[in-house]
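So this block is run25.cif, mmCIF, C-alpha atoms (C1' of nucleotides):
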```cif
data_upload
#
loop_
_atom_site.label_atom_id
_atom_site.label_comp_id
_atom_site.auth_asym_id
_atom_site.auth_seq_id
_atom_site.Cartn_x
_atom_site.Cartn_y
_atom_site.Cartn_z
CA MET U 1 -3.71 6.17 3.20
CA GLY U 2 -6.39 7.92 1.26
CA SER U 3 -9.58 9.79 1.77
CA ASN U 4 -11.47 6.67 2.78
CA ASP U 5 -9.06 5.78 5.54
CA CYS U 6 -9.36 9.27 6.91
CA ILE U 7 -13.11 9.02 6.96
CA GLU U 8 -12.80 5.78 8.83
CA MET U 9 -10.56 7.52 11.35
CA LEU U 10 -13.11 10.29 11.77
CA ARG U 11 -15.78 7.70 12.50
CA LYS U 12 -13.64 5.97 15.10
CA ALA U 13 -13.03 9.31 16.78
CA ASN U 14 -16.74 10.13 16.76
CA LEU U 15 -16.20 13.14 14.58
CA LYS U 16 -18.90 13.79 12.04
CA ILE U 17 -18.15 13.55 8.36
CA THR U 18 -18.91 17.10 7.32
CA PRO U 19 -18.24 18.70 3.95
CA ARG U 20 -15.64 21.00 5.49
CA ARG U 21 -13.74 18.13 7.09
CA LYS U 22 -13.70 16.21 3.88
CA ALA U 23 -12.54 19.29 2.01
CA ILE U 24 -9.76 20.00 4.49
CA ILE U 25 -8.46 16.45 4.33
CA GLY U 26 -8.78 16.42 0.56
CA PHE U 27 -6.88 19.66 0.33
CA PHE U 28 -3.95 18.29 2.31
CA LEU U 29 -3.98 14.99 0.46
CA GLN U 30 -3.93 16.71 -2.90
CA ASN U 31 -1.14 19.11 -2.08
CA GLY U 32 1.14 16.96 0.04
CA ARG U 33 2.81 19.89 1.74
CA TYR U 34 2.37 21.93 4.88
CA PHE U 35 0.04 24.90 5.26
CA THR U 36 -0.96 27.46 7.83
CA PRO U 37 -4.59 27.54 8.92
CA GLU U 38 -5.03 30.75 7.03
CA GLU U 39 -3.71 29.24 3.82
CA VAL U 40 -6.16 26.37 4.11
CA TRP U 41 -8.93 28.84 4.76
CA ILE U 42 -8.11 30.98 1.74
CA ALA U 43 -7.92 27.94 -0.50
CA LEU U 44 -11.18 26.42 0.67
CA ARG U 45 -13.16 29.64 0.65
CA GLU U 46 -13.37 29.15 -3.08
CA ASP U 47 -15.51 26.07 -2.52
CA PHE U 48 -17.59 27.33 0.38
CA LYS U 49 -19.61 30.50 0.30
CA HIS U 50 -19.36 30.77 4.07
CA LEU U 51 -16.32 29.43 5.84
CA GLY U 52 -14.99 30.69 9.13
CA LEU U 53 -11.34 30.74 10.04
CA PRO U 54 -12.18 29.40 13.52
CA THR U 55 -13.70 26.37 11.83
CA ILE U 56 -10.37 25.74 10.18
CA TYR U 57 -8.43 26.15 13.41
CA ARG U 58 -10.79 23.83 15.27
CA ASN U 59 -10.71 21.19 12.58
CA LEU U 60 -6.96 21.26 12.11
CA ARG U 61 -6.46 20.73 15.80
CA GLU U 62 -8.97 17.90 15.94
CA LEU U 63 -7.44 16.25 12.90
CA GLU U 64 -4.05 16.52 14.54
CA ASP U 65 -5.41 15.00 17.74
CA ILE U 66 -6.58 11.91 15.93
CA GLY U 67 -3.44 11.60 13.86
CA ILE U 68 -4.64 12.63 10.42
CA LEU U 69 -2.51 15.75 10.45
CA ILE U 70 0.86 16.51 11.98
CA ARG U 71 2.48 19.75 12.99
CA VAL U 72 5.50 21.04 11.17
CA PHE U 73 7.81 23.23 13.22
CA ARG U 74 9.35 26.32 11.75
CA SER U 75 11.28 29.15 13.33
CA ASP U 76 8.45 31.63 13.06
CA GLN U 77 6.17 30.12 15.64
CA ARG U 78 3.09 29.83 13.50
CA LEU U 79 0.96 26.75 13.13
CA TYR U 80 1.81 24.56 10.17
CA TYR U 81 0.01 21.34 9.39
CA ALA U 82 0.53 18.54 6.93
CA ILE U 83 -1.23 15.28 6.22
CA CYS U 84 0.17 12.26 8.00
CA GLN U 85 -0.21 9.13 5.94
CA LEU U 86 0.89 6.76 8.68
CA GLY U 87 -1.21 7.97 11.56
CA LYS U 88 -0.30 7.77 15.20
CA GLY U 89 0.14 4.02 15.34
CA LYS U 90 3.58 3.73 13.83
CA LYS U 91 6.29 5.91 15.28
CA HIS U 92 7.95 7.74 12.42
CA HIS U 93 9.35 11.07 11.34
CA HIS U 94 8.83 13.56 8.58
CA PHE U 95 10.96 14.95 5.85
CA VAL U 96 10.18 18.55 4.95
CA CYS U 97 11.37 20.13 1.73
CA LYS U 98 12.98 23.47 2.46
CA LYS U 99 12.01 24.80 -0.92
CA CYS U 100 8.44 23.70 -1.59
CA GLY U 101 7.26 22.51 1.80
CA ARG U 102 6.46 18.98 0.68
CA VAL U 103 6.22 16.60 3.62
CA SER U 104 7.11 12.92 3.36
CA GLU U 105 6.96 10.13 5.91
CA VAL U 106 10.20 8.57 7.07
CA GLU U 107 9.79 5.23 8.79
CA LEU U 108 13.48 4.51 9.04
CA CYS U 109 14.95 5.47 12.41
CA ASN U 110 17.96 4.16 14.29
CA PHE U 111 17.69 6.35 17.33
CA ASP U 112 16.92 3.41 19.60
CA ASP U 113 20.44 2.14 18.99
CA ILE U 114 21.92 5.07 20.88
CA ALA U 115 19.09 5.83 23.27
CA GLY U 116 20.65 3.62 25.92
CA ASP U 117 23.98 5.34 25.60
CA ILE U 118 22.36 8.73 26.01
CA GLU U 119 20.48 7.51 29.05
CA SER U 120 23.71 6.26 30.60
CA LYS U 121 25.53 9.46 29.89
CA LEU U 122 22.82 11.79 31.22
CA ASN U 123 21.53 9.31 33.74
CA CYS U 124 18.07 9.98 32.38
CA LYS U 125 15.07 8.08 31.08
CA ILE U 126 14.16 8.74 27.46
CA ILE U 127 10.45 8.62 26.78
CA SER U 128 10.20 9.89 23.25
CA HIS U 129 11.96 11.79 20.56
CA PHE U 130 10.80 14.04 17.81
CA MET U 131 12.72 14.58 14.61
CA GLN U 132 12.19 16.77 11.61
CA ILE U 133 14.38 16.12 8.63
CA GLU U 134 14.93 18.91 6.15
CA GLY U 135 16.31 19.15 2.68
CA LEU U 136 15.25 19.18 -0.92
CA CYS U 137 12.59 16.85 -2.30
CA SER U 138 13.16 15.07 -5.58
CA LYS U 139 11.26 17.63 -7.60
CA CYS U 140 13.10 20.60 -6.11
CA MET U 141 16.40 18.82 -6.56
CA GLU U 142 15.71 18.47 -10.26
CA GLU U 143 14.78 22.12 -10.44
CA GLU U 144 18.01 23.12 -8.74
CA MET U 145 19.89 21.02 -11.28
CA SER U 146 18.28 22.62 -14.29
CA GLU U 147 18.67 26.09 -12.80
CA ARG U 148 22.34 25.38 -12.32
CA ASP U 149 22.54 24.18 -15.92
CA GLU U 150 20.86 27.34 -17.08
CA GLY U 151 23.37 29.37 -15.14
CA GLN U 152 26.23 27.55 -16.82
CA LYS U 153 24.75 28.07 -20.24
CA VAL U 154 24.64 31.80 -19.63
CA LYS U 155 28.25 31.77 -18.58
CA GLU U 156 29.31 29.98 -21.73
CA MET E 1 30.61 26.93 28.69
CA GLY E 2 30.19 29.63 31.26
CA SER E 3 29.43 33.30 31.53
CA ASN E 4 32.79 34.31 30.14
CA ASP E 5 32.43 32.28 26.97
CA CYS E 6 29.07 33.87 26.38
CA ILE E 7 30.53 37.32 26.76
CA GLU E 8 33.18 36.38 24.26
CA MET E 9 30.43 35.30 21.86
CA LEU E 10 28.64 38.61 22.35
CA ARG E 11 31.83 40.43 21.46
CA LYS E 12 32.33 38.40 18.33
CA ALA E 13 28.78 39.15 17.27
CA ASN E 14 29.24 42.87 17.92
CA LEU E 15 26.59 42.87 20.59
CA LYS E 16 27.28 45.10 23.54
CA ILE E 17 27.79 43.65 26.97
CA THR E 18 24.90 45.25 28.78
CA PRO E 19 23.73 44.50 32.30
CA ARG E 20 20.49 43.05 30.94
CA ARG E 21 22.28 40.70 28.59
CA LYS E 22 24.54 39.47 31.30
CA ALA E 23 21.58 38.99 33.59
CA ILE E 24 19.60 37.06 30.97
CA ILE E 25 22.51 34.75 30.24
CA GLY E 26 23.21 34.33 33.93
CA PHE E 27 19.60 33.47 34.57
CA PHE E 28 19.60 30.69 32.00
CA LEU E 29 22.98 29.38 33.11
CA GLN E 30 21.87 29.22 36.71
CA ASN E 31 18.59 27.49 36.05
CA GLY E 32 19.48 25.08 33.25
CA ARG E 33 15.95 24.75 31.99
CA TYR E 34 13.73 26.38 29.40
CA PHE E 35 11.68 29.51 29.97
CA THR E 36 9.23 31.70 28.12
CA PRO E 37 10.20 35.33 27.55
CA GLU E 38 7.62 36.34 30.11
CA GLU E 39 9.10 34.07 32.74
CA VAL E 40 12.54 35.55 32.17
CA TRP E 41 11.07 39.01 32.42
CA ILE E 42 9.27 38.32 35.68
CA ALA E 43 12.37 36.81 37.20
CA LEU E 44 14.70 39.62 36.16
CA ARG E 45 12.37 42.42 37.09
CA GLU E 46 13.48 41.80 40.65
CA ASP E 47 16.95 42.98 39.75
CA PHE E 48 16.03 45.85 37.44
CA LYS E 49 13.79 48.71 38.40
CA HIS E 50 12.82 49.20 34.78
CA LEU E 51 12.80 46.29 32.41
CA GLY E 52 10.69 46.04 29.32
CA LEU E 53 9.28 42.81 27.97
CA PRO E 54 10.28 43.84 24.43
CA THR E 55 13.86 44.03 25.62
CA ILE E 56 13.59 40.43 26.71
CA TYR E 57 12.07 39.34 23.41
CA ARG E 58 14.72 41.17 21.42
CA ASN E 59 17.57 39.81 23.48
CA LEU E 60 16.35 36.25 23.48
CA ARG E 61 16.10 36.30 19.72
CA GLU E 62 19.55 37.82 19.33
CA LEU E 63 21.05 35.34 21.74
CA GLU E 64 19.42 32.56 19.78
CA ASP E 65 20.80 33.95 16.54
CA ILE E 66 24.36 33.78 17.79
CA GLY E 67 23.92 30.35 19.34
CA ILE E 68 23.88 31.15 23.05
CA LEU E 69 20.27 30.12 23.39
CA ILE E 70 18.20 27.48 21.62
CA ARG E 71 14.48 27.15 21.09
CA VAL E 72 12.55 24.36 22.72
CA PHE E 73 9.44 23.27 20.85
CA ARG E 74 6.26 22.48 22.69
CA SER E 75 2.77 21.86 21.45
CA ASP E 76 1.44 25.19 22.60
CA GLN E 77 3.19 27.38 20.12
CA ARG E 78 4.80 29.75 22.56
CA LEU E 79 8.44 30.70 22.59
CA TYR E 80 10.65 28.69 24.89
CA TYR E 81 14.36 29.23 25.22
CA ALA E 82 17.18 27.45 26.97
CA ILE E 83 20.90 27.98 27.22
CA CYS E 84 22.99 26.11 24.70
CA GLN E 85 26.36 25.15 26.11
CA LEU E 86 27.79 23.93 22.84
CA GLY E 87 26.89 26.79 20.56
CA LYS E 88 26.25 26.54 16.86
CA GLY E 89 29.61 25.06 15.94
CA LYS E 90 28.99 21.47 16.92
CA LYS E 91 25.86 19.86 15.58
CA HIS E 92 24.02 18.32 18.48
CA HIS E 93 20.60 17.84 19.99
CA HIS E 94 18.85 18.53 23.23
CA PHE E 95 17.25 16.43 25.87
CA VAL E 96 14.29 18.05 27.59
CA CYS E 97 12.91 16.81 30.87
CA LYS E 98 9.15 16.46 30.63
CA LYS E 99 8.74 17.11 34.32
CA CYS E 100 11.05 19.98 35.22
CA GLY E 101 12.03 21.36 31.84
CA ARG E 102 15.75 20.85 32.33
CA VAL E 103 17.61 20.91 29.02
CA SER E 104 20.80 18.94 28.40
CA GLU E 105 23.05 18.73 25.39
CA VAL E 106 23.27 15.46 23.50
CA GLU E 107 26.28 15.17 21.23
CA LEU E 108 25.69 11.55 20.34
CA CYS E 109 23.82 11.11 17.07
CA ASN E 110 23.79 8.28 14.58
CA PHE E 111 21.39 9.81 12.09
CA ASP E 112 24.07 10.08 9.42
CA ASP E 113 24.16 6.29 9.26
CA ILE E 114 20.67 6.20 7.78
CA ALA E 115 20.57 9.55 6.03
CA GLY E 116 21.76 7.97 2.81
CA ASP E 117 19.08 5.31 2.95
CA ILE E 118 16.41 7.92 3.45
CA GLU E 119 17.77 9.94 0.55
CA SER E 120 17.65 6.87 -1.68
CA LYS E 121 14.15 5.98 -0.64
CA LEU E 122 12.70 9.46 -1.07
CA ASN E 123 15.11 10.45 -3.78
CA CYS E 124 15.82 13.60 -1.84
CA LYS E 125 18.77 15.56 -0.50
CA ILE E 126 18.94 15.86 3.26
CA ILE E 127 20.38 19.15 4.45
CA SER E 128 19.74 19.05 8.16
CA HIS E 129 17.75 17.43 10.87
CA PHE E 130 16.42 18.64 14.13
CA MET E 131 15.75 16.38 17.08
CA GLN E 132 14.29 16.96 20.50
CA ILE E 133 14.63 14.11 22.95
CA GLU E 134 12.21 13.98 25.84
CA GLY E 135 12.06 12.08 29.06
CA LEU E 136 12.91 12.39 32.71
CA CYS E 137 16.18 13.89 33.92
CA SER E 138 18.15 12.20 36.67
CA LYS E 139 16.69 14.34 39.41
CA CYS E 140 13.10 13.81 38.32
CA MET E 141 13.72 10.09 37.94
CA GLU E 142 14.85 9.94 41.56
CA GLU E 143 11.79 11.85 42.63
CA GLU E 144 9.53 9.45 40.76
CA MET E 145 11.26 6.58 42.53
CA SER E 146 10.75 7.98 46.00
CA GLU E 147 7.18 8.92 45.22
CA ARG E 148 6.57 5.36 44.14
CA ASP E 149 8.18 4.13 47.34
CA GLU E 150 5.98 6.43 49.38
CA GLY E 151 2.94 5.07 47.60
CA GLN E 152 3.95 1.53 48.45
CA LYS E 153 4.52 2.39 52.09
CA VAL E 154 0.99 3.75 52.33
CA LYS E 155 -0.39 0.57 50.86
CA GLU E 156 1.45 -1.59 53.34
"C1'" DC P 1 31.13 60.58 19.95
"C1'" DT P 2 28.67 57.00 17.45
"C1'" DA P 3 26.16 52.95 17.17
"C1'" DT P 4 23.59 49.98 19.72
"C1'" DA P 5 20.26 48.98 23.50
"C1'" DT P 6 16.28 50.01 26.13
"C1'" DG P 7 11.64 51.61 28.06
"C1'" DC P 8 7.31 52.63 27.09
"C1'" DA P 9 3.29 52.84 24.48
"C1'" DA P 10 1.02 51.12 20.97
"C1'" DA P 11 0.02 48.08 17.35
"C1'" DA P 12 0.08 43.85 14.98
"C1'" DA P 13 -0.34 39.10 14.38
"C1'" DC P 14 -2.25 35.02 15.43
"C1'" DT P 15 -5.44 32.07 17.82
"C1'" DT P 16 -9.35 31.07 20.77
"C1'" DT P 17 -14.04 31.59 22.84
"C1'" DG P 18 -19.04 32.31 23.13
"C1'" DC P 19 -23.18 31.66 21.41
"C1'" DA P 20 -26.98 31.19 18.27
"C1'" DT P 21 -28.00 28.49 14.22
"C1'" DA P 22 -27.29 24.59 11.13
"C1'" DA P 23 -26.45 19.97 10.03
"C1'" DG P 24 -24.91 15.04 10.62
"C1'" DC P 25 -26.35 10.64 12.34
"C1'" DG G 1 -34.21 14.47 18.23
"C1'" DC G 2 -29.84 14.79 20.17
"C1'" DT G 3 -25.19 15.95 19.61
"C1'" DT G 4 -21.73 17.88 17.22
"C1'" DA G 5 -20.24 21.44 13.82
"C1'" DT G 6 -20.18 26.02 12.08
"C1'" DG G 7 -20.35 31.22 11.22
"C1'" DC G 8 -19.75 35.38 13.01
"C1'" DA G 9 -18.32 38.62 16.19
"C1'" DA G 10 -15.54 39.48 19.70
"C1'" DA G 11 -11.94 38.82 22.88
"C1'" DG G 12 -7.53 37.02 24.35
"C1'" DT G 13 -2.79 36.13 24.16
"C1'" DT G 14 1.60 36.59 22.58
"C1'" DT G 15 4.91 39.02 20.04
"C1'" DT G 16 6.58 42.96 17.43
"C1'" DT G 17 7.35 47.87 16.09
"C1'" DG G 18 8.32 52.85 16.55
"C1'" DC G 19 10.60 56.20 18.61
"C1'" DA G 20 12.81 59.04 22.02
"C1'" DT G 21 16.26 58.45 25.48
"C1'" DA G 22 20.10 56.15 27.63
"C1'" DT G 23 24.31 53.68 27.52
"C1'" DA G 24 28.40 50.76 25.95
"C1'" DG G 25 32.65 51.01 23.58
#
```
What would you get if you wrote out this structure as structure tokens?
Amino acid sequence: MGSNDCIEMLRKANLKITPRRKAIIGFFLQNGRYFTPEEVWIALREDFKHLGLPTIYRNLRELEDIGILIRVFRSDQRLYYAICQLGKGKKHHHFVCKKCGRVSEVELCNFDDIAGDIESKLNCKIISHFMQIEGLCSKCMEEEMSERDEGQKVKE
Amino acid sequence: MGSNDCIEMLRKANLKITPRRKAIIGFFLQNGRYFTPEEVWIALREDFKHLGLPTIYRNLRELEDIGILIRVFRSDQRLYYAICQLGKGKKHHHFVCKKCGRVSEVELCNFDDIAGDIESKLNCKIISHFMQIEGLCSKCMEEEMSERDEGQKVKE
DNA sequence: CTATATGCAAAAACTTTGCATAAGC
DNA sequence: GCTTATGCAAAGTTTTTGCATATAG
């Protein structure tokens, strides 16, 4: 999904294609990681002489509502958003890099295989589930490797 | 896990067994659902002449740290806590009733079966995953049933 | 007796609202 | 032209901090 698909989604949702919206979406697409509203604001203020933080908050929420952005949950309870390439149609999850914050889509999910068992055990009805997978992305894994190598070199 | 196990956990964590702590844990154990700090505060103020909201916030966080409580995530980004019967030792997830907020432990998880596939696909290293399962608990399912029955009776 | 816990007051952090003006369609 | 979007100021809500006092161990 690229910029054009997002614009199409805005149209469908009857949201106007404004410069700020395009910039917000572009910012997330370019960076591929999660950000707080304030971080988005600070970054985009360089491109817009006047840019209100409330505008960012409002837009992020609207973009989340229509499935362009998703929320990332962290233990501080601040708002974190990331671009969602798959939209709301396909149920999927997200992988979040603990080091750099990169967010990737994960379509693979085998939860349905055990949902019935859980329902039997708790005598409940499962409606949905939300999963956030955490670890190191490929880039940060490489970095860890070379850092470790560096460490060994020093020891030698 | 009951009150006594919690007290044991407090000891291990070098937290003192204060009346407020016991009351907070007791409150969660009795009600089995999630609450905001404010809700806990309002409920416990009936038992304590003086009880500060900061005390509640501090205790809830500490109890979460040592694994007696867990956080429940909701779309409003407020703090929600529930008792965690299994503690931090065993990896597990939680089922949250969308209607009444009841929280149940779910030990069953087959995520590890696909973790490797996800790692291959994204070329990443998975460290952890967090899942929140939502639906209707047994009690709320029954209620839905009888409400539906009532509705049908009226139609007849 | 010492270290931790608590109440209270106050501040801080984060997010939302209101409204007049601007801009997309 | 009508409707939605935005900036700015201001308020609202939730959570945290500081510190003196109280209390558990």
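Here C1' of DG7 in chain G and CA of Glu46 in chain U stand 16.0 Å from one another.
Computed from the coordinates, the CA of Val96 in chain U to CA of Glu39 in chain U distance equals 17.6 Å.
When all atoms listed in the file are used to measure the gap to chain P, the shortest distance among E:Gln152, E:Ser146, E:Gln77, E:Asn110 belongs to E:Gln77.
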_Distance filter 12 Å, all atoms listed in the file, chain E against chain P, as a PyMOL selection string_ = chain E and resi 14-21+48-59+62+76-78
Please write out chain U, superposed on chain E by least squares over all C-alpha atoms matched in order, as a compact mmCIF listing (two decimals) with C-alpha atoms, keeping the file's coordinate frame.
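File produced: superposed-v6.txt:
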```txt
# COMPACT_ATOMS: atom_id res chain seq x y z
CA MET U 1 30.70 27.02 28.63
CA GLY U 2 30.24 29.67 31.22
CA SER U 3 29.47 33.31 31.54
CA ASN U 4 32.85 34.34 30.18
CA ASP U 5 32.47 32.35 27.00
CA CYS U 6 29.11 33.94 26.42
CA ILE U 7 30.57 37.38 26.82
CA GLU U 8 33.21 36.48 24.31
CA MET U 9 30.48 35.39 21.91
CA LEU U 10 28.67 38.68 22.41
CA ARG U 11 31.85 40.54 21.54
CA LYS U 12 32.37 38.53 18.38
CA ALA U 13 28.81 39.28 17.34
CA ASN U 14 29.26 42.98 18.03
CA LEU U 15 26.61 42.96 20.68
CA LYS U 16 27.27 45.19 23.64
CA ILE U 17 27.79 43.71 27.06
CA THR U 18 24.89 45.28 28.89
CA PRO U 19 23.68 44.49 32.39
CA ARG U 20 20.45 43.04 31.02
CA ARG U 21 22.26 40.71 28.63
CA LYS U 22 24.52 39.49 31.35
CA ALA U 23 21.55 38.96 33.63
CA ILE U 24 19.60 37.05 30.99
CA ILE U 25 22.51 34.75 30.25
CA GLY U 26 23.21 34.31 33.95
CA PHE U 27 19.59 33.46 34.57
CA PHE U 28 19.61 30.69 31.98
CA LEU U 29 22.98 29.38 33.11
CA GLN U 30 21.86 29.20 36.71
CA ASN U 31 18.58 27.47 36.03
CA GLY U 32 19.52 25.10 33.23
CA ARG U 33 15.98 24.74 31.95
CA TYR U 34 13.76 26.36 29.38
CA PHE U 35 11.70 29.50 29.93
CA THR U 36 9.25 31.70 28.09
CA PRO U 37 10.21 35.32 27.53
CA GLU U 38 7.64 36.33 30.08
CA GLU U 39 9.10 34.03 32.71
CA VAL U 40 12.53 35.52 32.17
CA TRP U 41 11.04 38.97 32.41
CA ILE U 42 9.23 38.26 35.67
CA ALA U 43 12.34 36.75 37.20
CA LEU U 44 14.65 39.57 36.19
CA ARG U 45 12.30 42.37 37.13
CA GLU U 46 13.39 41.71 40.68
CA ASP U 47 16.88 42.90 39.80
CA PHE U 48 15.95 45.77 37.52
CA LYS U 49 13.67 48.59 38.51
CA HIS U 50 12.78 49.16 34.88
CA LEU U 51 12.76 46.26 32.48
CA GLY U 52 10.66 46.03 29.36
CA LEU U 53 9.27 42.80 28.00
CA PRO U 54 10.28 43.86 24.47
CA THR U 55 13.86 44.05 25.70
CA ILE U 56 13.60 40.43 26.72
CA TYR U 57 12.09 39.36 23.41
CA ARG U 58 14.76 41.23 21.45
CA ASN U 59 17.59 39.85 23.52
CA LEU U 60 16.37 36.27 23.48
CA ARG U 61 16.14 36.36 19.73
CA GLU U 62 19.59 37.88 19.36
CA LEU U 63 21.08 35.38 21.76
CA GLU U 64 19.47 32.60 19.77
CA ASP U 65 20.85 34.04 16.54
CA ILE U 66 24.39 33.86 17.83
CA GLY U 67 23.96 30.43 19.35
CA ILE U 68 23.90 31.20 23.06
CA LEU U 69 20.29 30.15 23.38
CA ILE U 70 18.24 27.52 21.60
CA ARG U 71 14.54 27.17 21.06
CA VAL U 72 12.62 24.38 22.68
CA PHE U 73 9.51 23.27 20.82
CA ARG U 74 6.34 22.47 22.67
CA SER U 75 2.83 21.81 21.45
CA ASP U 76 1.49 25.15 22.60
CA GLN U 77 3.26 27.32 20.09
CA ARG U 78 4.86 29.71 22.52
CA LEU U 79 8.49 30.71 22.54
CA TYR U 80 10.70 28.69 24.86
CA TYR U 81 14.41 29.26 25.20
CA ALA U 82 17.22 27.47 26.95
CA ILE U 83 20.94 28.00 27.21
CA CYS U 84 23.03 26.13 24.69
CA GLN U 85 26.38 25.16 26.10
CA LEU U 86 27.82 23.95 22.81
CA GLY U 87 26.95 26.82 20.55
CA LYS U 88 26.29 26.61 16.85
CA GLY U 89 29.63 25.11 15.90
CA LYS U 90 28.99 21.51 16.84
CA LYS U 91 25.85 19.91 15.51
CA HIS U 92 24.03 18.36 18.44
CA HIS U 93 20.62 17.84 19.97
CA HIS U 94 18.88 18.54 23.22
CA PHE U 95 17.30 16.44 25.87
CA VAL U 96 14.33 18.07 27.58
CA CYS U 97 12.95 16.81 30.86
CA LYS U 98 9.20 16.44 30.61
CA LYS U 99 8.78 17.10 34.29
CA CYS U 100 11.08 19.98 35.20
CA GLY U 101 12.07 21.38 31.83
CA ARG U 102 15.79 20.85 32.31
CA VAL U 103 17.65 20.93 29.00
CA SER U 104 20.83 18.95 28.39
CA GLU U 105 23.10 18.75 25.37
CA VAL U 106 23.31 15.47 23.49
CA GLU U 107 26.31 15.19 21.20
CA LEU U 108 25.73 11.57 20.32
CA CYS U 109 23.84 11.13 17.05
CA ASN U 110 23.80 8.29 14.55
CA PHE U 111 21.39 9.78 12.08
CA ASP U 112 24.04 10.06 9.39
CA ASP U 113 24.16 6.27 9.25
CA ILE U 114 20.66 6.12 7.81
CA ALA U 115 20.52 9.45 6.03
CA GLY U 116 21.67 7.84 2.80
CA ASP U 117 19.02 5.18 3.01
CA ILE U 118 16.33 7.79 3.52
CA GLU U 119 17.63 9.76 0.58
CA SER U 120 17.51 6.67 -1.61
CA LYS U 121 14.03 5.79 -0.52
CA LEU U 122 12.55 9.27 -0.97
CA ASN U 123 14.91 10.22 -3.75
CA CYS U 124 15.63 13.39 -1.83
CA LYS U 125 18.58 15.38 -0.55
CA ILE U 126 18.80 15.74 3.22
CA ILE U 127 20.24 19.04 4.35
CA SER U 128 19.66 18.97 8.07
CA HIS U 129 17.71 17.38 10.83
CA PHE U 130 16.41 18.61 14.10
CA MET U 131 15.75 16.36 17.06
CA GLN U 132 14.33 16.93 20.49
CA ILE U 133 14.67 14.12 22.95
CA GLU U 134 12.25 13.96 25.85
CA GLY U 135 12.10 12.08 29.08
CA LEU U 136 12.96 12.39 32.72
CA CYS U 137 16.21 13.92 33.94
CA SER U 138 18.17 12.22 36.68
CA LYS U 139 16.71 14.37 39.42
CA CYS U 140 13.11 13.83 38.33
CA MET U 141 13.76 10.12 37.96
CA GLU U 142 14.86 9.96 41.57
CA GLU U 143 11.79 11.88 42.61
CA GLU U 144 9.54 9.49 40.73
CA MET U 145 11.26 6.61 42.52
CA SER U 146 10.75 8.02 45.98
CA GLU U 147 7.17 8.98 45.18
CA ARG U 148 6.55 5.43 44.08
CA ASP U 149 8.14 4.19 47.30
CA GLU U 150 5.92 6.48 49.29
CA GLY U 151 2.91 5.11 47.49
CA GLN U 152 3.92 1.57 48.36
CA LYS U 153 4.43 2.46 51.99
CA VAL U 154 0.90 3.79 52.17
CA LYS U 155 -0.42 0.61 50.66
CA GLU U 156 1.38 -1.52 53.21
```
_Proximal residues of chain U relative to chain E (all atoms listed in the file; 8 Å) as a ChimeraX atom specification_ = /U:73,77-79,104,106,108-111,114,118,122-138,141
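Put simply, the PyMOL selection byres ((chain G) within 8 of (chain U)) on this file hits DT4, DA5, DT6, DG7 and DC8 of chain G.
CA of Glu64 in chain U to CA of Arg102 in chain U spans 17.6 Å [interatomic distance, one decimal].
Between Arg33 in chain E and the candidates E:Lys153, E:Arg148, E:His94, E:Arg11, the tightest atom-to-atom separation, counting only C-alpha atoms, involves E:His94.
Take the candidates E:Ile24, E:Cys100, E:Cys6, E:Pro37 and check each one against DT14 in chain G using only C-alpha atoms (C1' of nucleotides); the shortest distance goes to E:Pro37.
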*Apply the PyMOL selection byres ((chain E and resi 84) around 12) to the file shown and report the selected residues as a ChimeraX atom specification.*
/E:1-3,5-6,25,28-29,32-34,63-72,81-83,85-95,102-107
